[in-house]
file data_24.txt (compact mmCIF, C-alpha atoms and all ligand atoms)
# COMPACT_ATOMS: atom_id res chain seq x y z
CA MET G 135 144.73 195.75 83.30
CA GLN G 136 148.20 197.17 82.70
CA ASP G 137 147.91 200.88 83.39
CA LEU G 138 146.40 201.64 86.80
CA ASN G 139 147.40 205.28 87.21
CA GLY G 140 144.35 207.58 87.47
CA LYS G 141 141.88 204.68 87.37
CA VAL G 142 139.24 203.99 90.04
CA ALA G 143 139.31 201.13 92.56
CA VAL G 144 136.37 200.17 94.79
CA ILE G 145 137.52 198.26 97.87
CA THR G 146 135.02 196.81 100.33
CA GLY G 147 136.21 196.07 103.85
CA GLY G 148 138.76 198.78 103.11
CA ALA G 149 139.06 200.07 106.68
CA SER G 150 141.07 197.14 108.02
CA GLY G 151 143.29 194.17 107.24
CA ILE G 152 143.56 192.91 103.66
CA GLY G 153 141.24 195.64 102.31
CA LEU G 154 143.36 198.40 103.82
CA GLY G 155 146.50 196.67 102.48
CA LEU G 156 144.94 196.67 99.00
CA ALA G 157 143.96 200.34 99.35
CA ARG G 158 147.53 201.32 100.27
CA ARG G 159 148.97 199.27 97.37
CA PHE G 160 146.59 200.54 94.70
CA ALA G 161 146.86 204.14 95.93
CA ALA G 162 150.65 203.80 95.54
CA GLU G 163 149.95 202.86 91.89
CA GLY G 164 148.11 206.17 91.45
CA MET G 165 144.56 204.77 91.62
CA LYS G 166 141.63 206.78 92.98
CA LEU G 167 139.86 204.92 95.78
CA ALA G 168 136.24 204.31 96.72
CA LEU G 169 136.77 202.90 100.19
CA VAL G 170 133.80 201.04 101.64
CA ASP G 171 133.23 199.60 105.10
CA ILE G 172 130.57 199.12 107.74
CA GLU G 173 132.82 200.73 110.41
CA ALA G 174 132.60 204.52 109.95
CA ASP G 175 135.33 205.42 112.47
CA ALA G 176 137.90 202.96 111.11
CA LEU G 177 137.03 204.16 107.60
CA ASP G 178 137.82 207.78 108.60
CA VAL G 179 141.17 206.77 110.10
CA ALA G 180 142.09 204.78 106.96
CA ALA G 181 141.02 207.60 104.62
CA LYS G 182 143.03 210.21 106.59
CA GLU G 183 146.18 208.10 106.25
CA LEU G 184 145.64 207.48 102.52
CA LYS G 185 144.83 211.15 101.81
CA ALA G 186 147.91 212.29 103.78
CA ASN G 187 149.91 210.17 101.32
CA GLY G 188 148.29 211.96 98.39
CA ALA G 189 145.46 209.58 97.45
CA ASP G 190 142.07 210.70 96.10
CA VAL G 191 139.64 208.86 98.42
CA LEU G 192 135.84 208.67 98.56
CA THR G 193 134.62 206.92 101.70
CA THR G 194 131.16 205.38 102.03
CA THR G 195 129.77 203.58 105.05
CA VAL G 196 127.94 200.58 103.61
CA ASP G 197 126.76 197.21 104.80
CA VAL G 198 127.75 195.13 101.76
CA SER G 199 125.08 192.53 102.54
CA SER G 200 122.36 195.13 101.81
CA ALA G 201 121.20 195.17 98.18
CA ASP G 202 119.85 198.74 98.51
CA GLN G 203 123.01 200.12 100.08
CA MET G 204 125.13 198.47 97.39
CA ASP G 205 122.89 199.83 94.62
CA ARG G 206 123.33 203.33 96.10
CA LEU G 207 127.09 202.77 96.34
CA GLY G 208 127.26 201.84 92.64
CA LYS G 209 125.46 205.03 91.66
CA SER G 210 127.52 207.27 93.95
CA VAL G 211 130.87 205.87 92.77
CA LEU G 212 129.93 206.36 89.10
CA ASP G 213 128.53 209.88 89.81
CA HIS G 214 131.63 210.87 91.77
CA PHE G 215 134.43 209.41 89.67
CA GLY G 216 132.68 208.93 86.31
CA GLY G 217 133.83 205.30 86.05
CA VAL G 218 135.11 202.23 87.85
CA HIS G 219 138.01 199.97 86.84
CA LEU G 220 138.89 197.68 89.75
CA VAL G 221 136.41 196.18 92.20
CA CYS G 222 137.75 194.30 95.22
CA ASN G 223 134.83 192.49 96.86
CA ASN G 224 136.73 191.85 100.05
CA ALA G 225 134.62 192.65 103.15
CA GLY G 226 134.08 189.59 105.29
CA VAL G 227 133.74 188.10 108.74
CA GLY G 228 134.75 184.83 110.36
CA SER G 229 132.51 182.89 112.72
CA GLY G 230 131.59 179.30 113.39
CA GLY G 231 130.80 176.54 115.86
CA PRO G 232 129.49 172.98 115.55
CA MET G 233 127.03 172.92 112.62
CA TRP G 234 124.14 171.67 114.75
CA GLU G 235 124.55 174.52 117.28
CA LEU G 236 124.39 177.36 114.73
CA ARG G 237 121.28 179.54 114.64
CA ARG G 238 119.80 181.31 111.61
CA GLU G 239 121.39 184.57 112.87
CA ASP G 240 124.85 182.99 112.93
CA TRP G 241 124.51 181.82 109.32
CA GLU G 242 123.16 185.19 108.17
CA PHE G 243 125.94 187.09 109.95
CA VAL G 244 128.52 185.28 107.79
CA MET G 245 126.51 184.75 104.58
CA GLY G 246 125.67 188.50 104.45
CA PRO G 247 129.10 190.06 103.87
CA ASN G 248 131.04 186.99 102.69
CA LEU G 249 128.65 185.82 99.97
CA TRP G 250 125.89 188.38 99.40
CA GLY G 251 128.47 191.19 99.59
CA VAL G 252 130.38 189.63 96.71
CA ILE G 253 127.18 188.90 94.75
CA HIS G 254 126.07 192.54 95.11
CA GLY G 255 129.51 193.88 94.18
CA VAL G 256 129.52 191.82 90.98
CA ARG G 257 125.88 192.65 90.23
CA VAL G 258 126.32 196.40 90.72
CA PHE G 259 129.68 197.11 89.04
CA THR G 260 130.36 194.54 86.28
CA LYS G 261 128.16 196.02 83.53
CA ALA G 262 129.85 199.43 83.73
CA MET G 263 133.24 197.75 83.25
CA ILE G 264 131.98 195.61 80.35
CA GLU G 265 130.66 198.76 78.64
CA GLN G 266 134.06 200.46 78.85
CA ASN G 267 135.75 197.08 77.97
CA ASP G 268 138.29 197.66 80.72
CA GLY G 269 138.37 196.53 84.31
CA HIS G 270 139.13 193.81 86.80
CA ILE G 271 137.21 192.21 89.67
CA VAL G 272 138.98 190.63 92.65
CA ASN G 273 136.79 188.53 94.91
CA THR G 274 138.24 187.59 98.30
CA ALA G 275 137.60 183.92 99.09
CA SER G 276 140.10 181.98 101.24
CA MET G 277 141.88 178.64 101.42
CA ALA G 278 138.60 177.78 103.15
CA GLY G 279 137.02 178.00 99.70
CA LEU G 280 139.14 175.07 98.53
CA MET G 281 139.28 172.86 101.63
CA ASN G 282 137.25 172.59 104.81
CA VAL G 283 138.21 172.42 108.47
CA GLY G 284 135.63 171.59 111.13
CA GLY G 285 133.95 174.31 113.18
CA LEU G 286 133.82 176.88 110.38
CA GLY G 287 130.67 175.78 108.55
CA PRO G 288 129.23 179.13 107.43
CA TYR G 289 132.69 180.50 106.61
CA ASN G 290 133.63 177.44 104.50
CA VAL G 291 130.27 177.51 102.68
CA THR G 292 130.57 181.20 101.77
CA LYS G 293 134.17 180.92 100.61
CA ALA G 294 133.42 177.86 98.42
CA GLY G 295 130.55 179.97 97.04
CA VAL G 296 132.91 182.84 96.22
CA VAL G 297 135.24 180.47 94.33
CA ALA G 298 132.26 179.06 92.36
CA LEU G 299 130.89 182.54 91.67
CA SER G 300 134.28 183.80 90.48
CA GLU G 301 135.00 180.83 88.20
CA THR G 302 131.53 181.21 86.67
CA LEU G 303 132.04 184.95 86.18
CA HIS G 304 135.35 184.18 84.46
CA HIS G 305 133.53 181.85 82.00
CA ASP G 306 130.70 184.35 81.43
CA LEU G 307 133.16 187.18 80.70
CA ALA G 308 135.14 184.94 78.31
CA GLU G 309 131.92 183.94 76.53
CA ALA G 310 131.04 187.63 76.12
CA ALA G 311 134.59 188.26 74.77
CA SER G 312 134.88 191.00 77.39
CA GLY G 313 138.12 192.76 78.23
CA VAL G 314 137.17 192.62 81.92
CA GLY G 315 139.28 190.28 84.06
CA VAL G 316 138.49 188.46 87.28
CA SER G 317 140.58 186.92 90.06
CA VAL G 318 139.75 185.00 93.20
CA LEU G 319 141.96 185.65 96.21
CA CYS G 320 142.53 182.53 98.35
CA PRO G 321 144.87 183.44 101.20
CA GLY G 322 146.04 181.33 104.13
CA PHE G 323 146.49 183.11 107.47
CA VAL G 324 146.96 186.90 107.19
CA ARG G 325 147.70 189.40 109.99
CA THR G 326 144.34 191.21 110.30
CA GLN G 327 141.51 191.84 112.75
CA ILE G 328 139.33 188.97 111.51
CA TRP G 329 139.70 187.15 114.84
CA ASP G 330 137.55 190.02 116.26
CA SER G 331 134.76 189.74 113.65
CA GLU G 332 132.04 189.83 116.30
CA ARG G 333 132.58 193.63 116.31
CA ASN G 334 130.89 193.61 112.88
CA ARG G 335 127.79 191.65 113.94
CA PRO G 336 124.65 193.79 113.39
CA ASP G 337 122.28 194.18 116.37
CA SER G 338 119.54 192.52 114.30
CA LEU G 339 121.58 189.27 114.23
CA LYS G 340 121.99 189.02 117.98
CA ALA G 341 124.99 187.01 119.22
CA PRO G 342 124.18 183.77 121.08
CA GLU G 343 124.26 183.71 124.89
CA PRO G 344 127.93 183.11 125.76
CA LYS G 345 128.64 179.69 127.29
CA ALA G 346 132.08 180.80 128.52
CA THR G 347 132.87 183.29 131.32
CA ASP G 348 134.19 186.81 130.52
CA GLU G 349 137.68 185.66 131.57
CA GLU G 350 137.53 182.61 129.29
CA ILE G 351 136.35 184.76 126.38
CA ALA G 352 139.15 187.29 126.98
CA LEU G 353 141.70 184.44 127.05
CA MET G 354 140.33 182.90 123.82
CA LYS G 355 140.50 186.31 122.13
CA SER G 356 144.09 186.91 123.18
CA VAL G 357 145.09 183.42 121.93
CA MET G 358 143.42 184.15 118.57
CA GLN G 359 145.03 187.59 118.39
CA GLY G 360 148.45 186.05 119.12
CA MET G 361 147.93 183.46 116.39
CA PHE G 362 147.04 186.11 113.81
CA GLU G 363 150.01 188.29 114.84
CA LYS G 364 152.29 185.52 113.52
CA ALA G 365 150.49 185.46 110.17
CA MET G 366 151.49 186.95 106.80
CA PRO G 367 151.49 190.78 106.61
CA THR G 368 148.85 192.33 104.37
CA GLU G 369 151.52 194.02 102.21
CA ARG G 370 152.58 190.62 100.83
CA VAL G 371 148.98 189.75 99.98
CA ALA G 372 148.49 193.13 98.27
CA ASP G 373 151.62 192.58 96.15
CA ARG G 374 150.19 189.26 94.93
CA VAL G 375 146.85 190.89 94.11
CA LEU G 376 148.51 193.69 92.16
CA ASP G 377 150.50 191.13 90.18
CA ALA G 378 147.31 189.17 89.37
CA VAL G 379 145.44 192.29 88.24
CA VAL G 380 148.28 193.51 86.00
CA ASN G 381 149.02 190.06 84.55
CA ARG G 382 145.39 188.86 84.46
CA ARG G 383 145.83 185.81 86.68
CA PHE G 384 142.70 184.13 88.02
CA TYR G 385 143.74 182.21 91.16
CA ILE G 386 145.67 184.21 93.73
CA PHE G 387 147.39 181.96 96.26
CA THR G 388 149.47 183.79 98.83
CA HIS G 389 151.06 181.04 100.94
CA GLU G 390 153.50 178.43 99.64
CA SER G 391 152.26 175.89 102.20
CA THR G 392 148.83 175.70 100.56
CA ASN G 393 149.84 174.13 97.23
CA ALA G 394 150.67 170.73 98.74
CA ALA G 395 147.44 170.81 100.72
CA ILE G 396 145.36 171.45 97.59
CA GLU G 397 147.06 168.49 95.88
CA GLN G 398 146.42 166.25 98.91
CA ARG G 399 142.77 167.23 98.96
CA MET G 400 142.32 166.46 95.27
CA GLY G 401 144.18 163.15 95.66
CA LYS G 402 141.95 162.03 98.53
CA MET G 403 138.86 163.01 96.56
CA LEU G 404 139.94 161.06 93.46
CA ARG G 405 140.85 158.00 95.57
CA GLY G 406 137.39 158.12 97.18
CA GLU G 407 138.80 158.67 100.69
CA ASP G 408 137.35 160.78 103.52
CA PRO G 409 137.63 164.58 103.03
CA PHE G 410 141.01 166.20 103.54
CA ALA G 411 141.62 168.60 106.42
CA PRO G 412 145.01 170.20 107.05
CA GLN G 413 146.75 168.62 110.07
CA GLY G 414 146.87 171.21 112.87
CA GLY G 415 143.92 173.22 111.53
CA PRO G 416 143.88 176.32 109.32
CA GLU G 417 146.67 178.03 111.28
CA VAL G 418 149.23 175.77 109.55
CA PHE G 419 148.91 178.12 106.57
CA THR G 420 151.05 180.97 107.89
CA LYS G 421 153.90 180.75 105.33
N1 LIG G 501 142.90 187.20 107.74
C1 LIG G 501 142.95 186.00 107.18
O1 LIG G 501 143.71 185.12 107.62
C2 LIG G 501 142.10 185.71 105.97
C3 LIG G 501 142.36 184.54 105.25
C4 LIG G 501 141.58 184.24 104.14
C5 LIG G 501 140.60 185.11 103.73
N2 LIG G 501 140.35 186.24 104.44
C6 LIG G 501 139.29 187.13 103.98
O2 LIG G 501 139.80 188.44 103.80
C7 LIG G 501 138.72 189.37 103.83
C8 LIG G 501 139.10 190.57 104.68
O3 LIG G 501 139.19 190.16 106.04
P1 LIG G 501 140.43 190.56 106.98
O4 LIG G 501 141.12 189.30 107.33
O5 LIG G 501 141.17 191.69 106.40
O6 LIG G 501 139.64 190.99 108.32
P2 LIG G 501 139.42 192.42 109.01
O7 LIG G 501 138.43 192.16 110.09
O8 LIG G 501 140.72 193.02 109.38
O9 LIG G 501 138.76 193.28 107.84
C9 LIG G 501 137.47 193.02 107.37
C10 LIG G 501 136.79 194.35 107.07
O10 LIG G 501 135.47 194.06 106.53
C11 LIG G 501 134.56 194.96 107.16
N3 LIG G 501 133.21 194.40 107.13
C12 LIG G 501 132.75 193.32 107.83
N4 LIG G 501 131.43 193.14 107.59
C13 LIG G 501 131.06 194.12 106.71
C14 LIG G 501 129.84 194.45 106.08
N5 LIG G 501 128.71 193.75 106.31
N6 LIG G 501 129.83 195.49 105.23
C15 LIG G 501 130.94 196.22 104.99
N7 LIG G 501 132.13 195.96 105.57
C16 LIG G 501 132.19 194.91 106.42
C17 LIG G 501 135.09 195.10 108.57
O11 LIG G 501 134.60 196.26 109.22
C18 LIG G 501 136.59 195.18 108.33
O12 LIG G 501 137.03 196.51 108.11
C19 LIG G 501 137.51 188.59 104.35
O13 LIG G 501 136.66 188.27 103.27
C20 LIG G 501 138.13 187.33 104.93
O14 LIG G 501 137.25 186.24 104.94
C21 LIG G 501 141.09 186.56 105.55
call {"tool": "encode", "arguments": {"input": "data_24.txt", "output": "structure tokens"}}
result
Amino acid sequence: MQDLNGKVAVITGGASGIGLGLARRFAAEGMKLALVDIEADALDVAAKELKANGADVLTTTVDVSSADQMDRLGKSVLDHFGGVHLVCNNAGVGSGGPMWELRREDWEFVMGPNLWGVIHGVRVFTKAMIEQNDGHIVNTASMAGLMNVGGLGPYNVTKAGVVALSETLHHDLAEAASGVGVSVLCPGFVRTQIWDSERNRPDSLKAPEPKATDEEIALMKSVMQGMFEKAMPTERVADRVLDAVVNRRFYIFTHESTNAAIEQRMGKMLRGEDPFAPQGGPEVFTK
């Protein structure tokens, strides 16, 4: 999609991190924004900043894992703007633990936004873009969609699902000879608030009883926060996404360090060896 000026972008998880970075980047290109998030206060703050810089912004508080809320979002965006051209299915959370310790609630907490949110976004918006034969969908997966580290079971499963969903959508759109493009965003570590995803856990999916003391939890959080502060800024990710949308590129890799890891994983698979995991865990992907 070459000409973005005046077109409409829907961005889920737009109140923070990568989503907010995308909102700033696409607003700078002259796009109108439908900014979606589960956090109403953060959404207001983000919208105020974007509007102060001249953007046309519609904010909607939505839980992307809810089919009904996403159906209503689809209708309200089309009613308000009269069309949709770019859909960034980006909202997500991170959570994990040893696979055998995870409860149904822990799986649902992650599967809801990370996988169902993307499914609903594709289900609700793609037809309108096919009808106008113009548009692009960007689904946020992760390096975790292409390789797996221990302790992140639900996250890895959802991100692999988003890669599979996006590749399949690409084939379906090609088969239909549609002018609509699709990309899958697979970043390494990015400077965002994802380390604090528990803030997004709905009451209905109650958190497990903590095994650590308040002090230990506070220490773990500050270590995580420190780790993410060293990660790639969201502006760099947004630049890559813009480039992929304009030049119709499918895979969006943001970190140079990940290419060698993808090759190593494939090599181990083809040689019939045990699964690859990056040495030092996922935080090696900061550059
Ligand atoms: N930060 C990283 O290192 C990294 C790496 C790879 C992929 N990702 C992916 O990037 C995406 C954005 O995450 P981020 O890192 O910017 O984190 P973030 O926490 O800064 O932003 C995520 C946003 O999604 C929103 N959200 C969460 N659950 C929601 C729901 N059910 N409905 C609507 N909104 C919801 C949150 O309120 C928040 O504003 C996620 O899909 C994440 O998995 C992040």
call {"tool": "closest_residue", "arguments": {"input": "data_24.txt", "among": "G:Arg383, G:His389, G:Arg374, G:Lys141", "to": "ligand LIG 501 (chain G)", "atoms": "only C-alpha atoms and all ligand atoms"}}
result
G:His389
call {"tool": "residues_near_point", "arguments": {"input": "data_24.txt", "point": "(139.7, 185.7, 95.4)", "cutoff": "7 Å", "atoms": "all atoms listed in the file", "output": "mmCIF file with C-alpha atoms, in the frame of the given file"}}
result
data_model
loop_
_atom_site.group_PDB
_atom_site.id
_atom_site.type_symbol
_atom_site.label_atom_id
_atom_site.label_comp_id
_atom_site.auth_asym_id
_atom_site.auth_seq_id
_atom_site.Cartn_x
_atom_site.Cartn_y
_atom_site.Cartn_z
ATOM 1 C CA VAL G 272 138.980 190.630 92.650
ATOM 2 C CA ASN G 273 136.790 188.530 94.910
ATOM 3 C CA THR G 274 138.240 187.590 98.300
ATOM 4 C CA ALA G 275 137.600 183.920 99.090
ATOM 5 C CA SER G 276 140.100 181.980 101.240
ATOM 6 C CA VAL G 297 135.240 180.470 94.330
ATOM 7 C CA SER G 317 140.580 186.920 90.060
ATOM 8 C CA VAL G 318 139.750 185.000 93.200
ATOM 9 C CA LEU G 319 141.960 185.650 96.210
ATOM 10 C CA CYS G 320 142.530 182.530 98.350
ATOM 11 C CA TYR G 385 143.740 182.210 91.160
ATOM 12 C CA ILE G 386 145.670 184.210 93.730
#
call {"tool": "residues_near_ligand", "arguments": {"input": "data_24.txt", "ligand": "ligand LIG 501 (chain G)", "cutoff": "8 Å", "atoms": "all atoms listed in the file", "output": "VMD selection string"}}
result
chain G and resid 146 to 154 170 to 173 176 to 177 195 to 200 223 to 228 246 to 248 251 274 to 278 289 293 319 to 331 333 to 335 362 365 368
call {"tool": "closest_residue", "arguments": {"input": "data_24.txt", "among": "G:Glu407, G:Asp213, G:Glu301, G:Glu417", "to": "Ser391 in chain G", "atoms": "only C-alpha atoms"}}
result
G:Glu417
call {"tool": "closest_residue", "arguments": {"input": "data_24.txt", "among": "G:Asp306, G:Asp337, G:Glu343, G:Asp202", "to": "Thr260 in chain G", "atoms": "all atoms listed in the file"}}
result
G:Asp306
call {"tool": "atom_distance", "arguments": {"input": "data_24.txt", "atom1": "CA of Thr292 in chain G", "atom2": "CA of Pro412 in chain G"}}
result
18.9 Å
call {"tool": "closest_residue", "arguments": {"input": "data_24.txt", "among": "G:Met233, G:Leu220, G:Met135, G:Val316", "to": "Val283 in chain G", "atoms": "all atoms listed in the file"}}
result
G:Met233
call {"tool": "closest_residue", "arguments": {"input": "data_24.txt", "among": "G:Gly164, G:Gly231, G:Gly295, G:Gly285", "to": "Trp250 in chain G", "atoms": "all atoms listed in the file"}}
result
G:Gly295
call {"tool": "atom_distance", "arguments": {"input": "data_24.txt", "atom1": "CA of Ala310 in chain G", "atom2": "CA of Val221 in chain G"}}
result
19.0 Å
call {"tool": "closest_residue", "arguments": {"input": "data_24.txt", "among": "G:Glu397, G:Glu369, G:Glu183, G:Asp175", "to": "Gly155 in chain G", "atoms": "all atoms listed in the file"}}
result
G:Glu369
call {"tool": "residues_around", "arguments": {"input": "data_24.txt", "residues": "Ile271 in chain G", "least_positions_apart": "3", "cutoff": "12 Å", "atoms": "all atoms listed in the file", "output": "PDB file with C-alpha atoms, in the coordinates of the input"}}
result
ATOM      1  CA  MET G 135     144.730 195.750  83.300  1.00  0.00           C
ATOM      2  CA  VAL G 142     139.240 203.990  90.040  1.00  0.00           C
ATOM      3  CA  ALA G 143     139.310 201.130  92.560  1.00  0.00           C
ATOM      4  CA  VAL G 144     136.370 200.170  94.790  1.00  0.00           C
ATOM      5  CA  ILE G 145     137.520 198.260  97.870  1.00  0.00           C
ATOM      6  CA  THR G 146     135.020 196.810 100.330  1.00  0.00           C
ATOM      7  CA  VAL G 218     135.110 202.230  87.850  1.00  0.00           C
ATOM      8  CA  HIS G 219     138.010 199.970  86.840  1.00  0.00           C
ATOM      9  CA  LEU G 220     138.890 197.680  89.750  1.00  0.00           C
ATOM     10  CA  VAL G 221     136.410 196.180  92.200  1.00  0.00           C
ATOM     11  CA  CYS G 222     137.750 194.300  95.220  1.00  0.00           C
ATOM     12  CA  ASN G 223     134.830 192.490  96.860  1.00  0.00           C
ATOM     13  CA  ASN G 224     136.730 191.850 100.050  1.00  0.00           C
ATOM     14  CA  VAL G 252     130.380 189.630  96.710  1.00  0.00           C
ATOM     15  CA  ILE G 253     127.180 188.900  94.750  1.00  0.00           C
ATOM     16  CA  GLY G 255     129.510 193.880  94.180  1.00  0.00           C
ATOM     17  CA  VAL G 256     129.520 191.820  90.980  1.00  0.00           C
ATOM     18  CA  ARG G 257     125.880 192.650  90.230  1.00  0.00           C
ATOM     19  CA  VAL G 258     126.320 196.400  90.720  1.00  0.00           C
ATOM     20  CA  PHE G 259     129.680 197.110  89.040  1.00  0.00           C
ATOM     21  CA  THR G 260     130.360 194.540  86.280  1.00  0.00           C
ATOM     22  CA  LYS G 261     128.160 196.020  83.530  1.00  0.00           C
ATOM     23  CA  ALA G 262     129.850 199.430  83.730  1.00  0.00           C
ATOM     24  CA  MET G 263     133.240 197.750  83.250  1.00  0.00           C
ATOM     25  CA  ILE G 264     131.980 195.610  80.350  1.00  0.00           C
ATOM     26  CA  ASP G 268     138.290 197.660  80.720  1.00  0.00           C
ATOM     27  CA  THR G 274     138.240 187.590  98.300  1.00  0.00           C
ATOM     28  CA  LEU G 299     130.890 182.540  91.670  1.00  0.00           C
ATOM     29  CA  SER G 300     134.280 183.800  90.480  1.00  0.00           C
ATOM     30  CA  GLU G 301     135.000 180.830  88.200  1.00  0.00           C
ATOM     31  CA  LEU G 303     132.040 184.950  86.180  1.00  0.00           C
ATOM     32  CA  HIS G 304     135.350 184.180  84.460  1.00  0.00           C
ATOM     33  CA  LEU G 307     133.160 187.180  80.700  1.00  0.00           C
ATOM     34  CA  GLY G 313     138.120 192.760  78.230  1.00  0.00           C
ATOM     35  CA  VAL G 314     137.170 192.620  81.920  1.00  0.00           C
ATOM     36  CA  GLY G 315     139.280 190.280  84.060  1.00  0.00           C
ATOM     37  CA  VAL G 316     138.490 188.460  87.280  1.00  0.00           C
ATOM     38  CA  SER G 317     140.580 186.920  90.060  1.00  0.00           C
ATOM     39  CA  VAL G 318     139.750 185.000  93.200  1.00  0.00           C
ATOM     40  CA  LEU G 319     141.960 185.650  96.210  1.00  0.00           C
ATOM     41  CA  VAL G 375     146.850 190.890  94.110  1.00  0.00           C
ATOM     42  CA  LEU G 376     148.510 193.690  92.160  1.00  0.00           C
ATOM     43  CA  ALA G 378     147.310 189.170  89.370  1.00  0.00           C
ATOM     44  CA  VAL G 379     145.440 192.290  88.240  1.00  0.00           C
ATOM     45  CA  VAL G 380     148.280 193.510  86.000  1.00  0.00           C
ATOM     46  CA  ARG G 382     145.390 188.860  84.460  1.00  0.00           C
ATOM     47  CA  ARG G 383     145.830 185.810  86.680  1.00  0.00           C
ATOM     48  CA  PHE G 384     142.700 184.130  88.020  1.00  0.00           C
TER      49      PHE G 384
END
call {"tool": "atom_distance", "arguments": {"input": "data_24.txt", "atom1": "CA of Leu353 in chain G", "atom2": "CA of Asn290 in chain G"}}
result
25.0 Å
call {"tool": "residues_around", "arguments": {"input": "data_24.txt", "residues": "Arg237 in chain G", "least_positions_apart": "5", "cutoff": "10 Å", "atoms": "all atoms listed in the file", "output": "PyMOL selection string"}}
result
chain G and resi 242+339+341-342
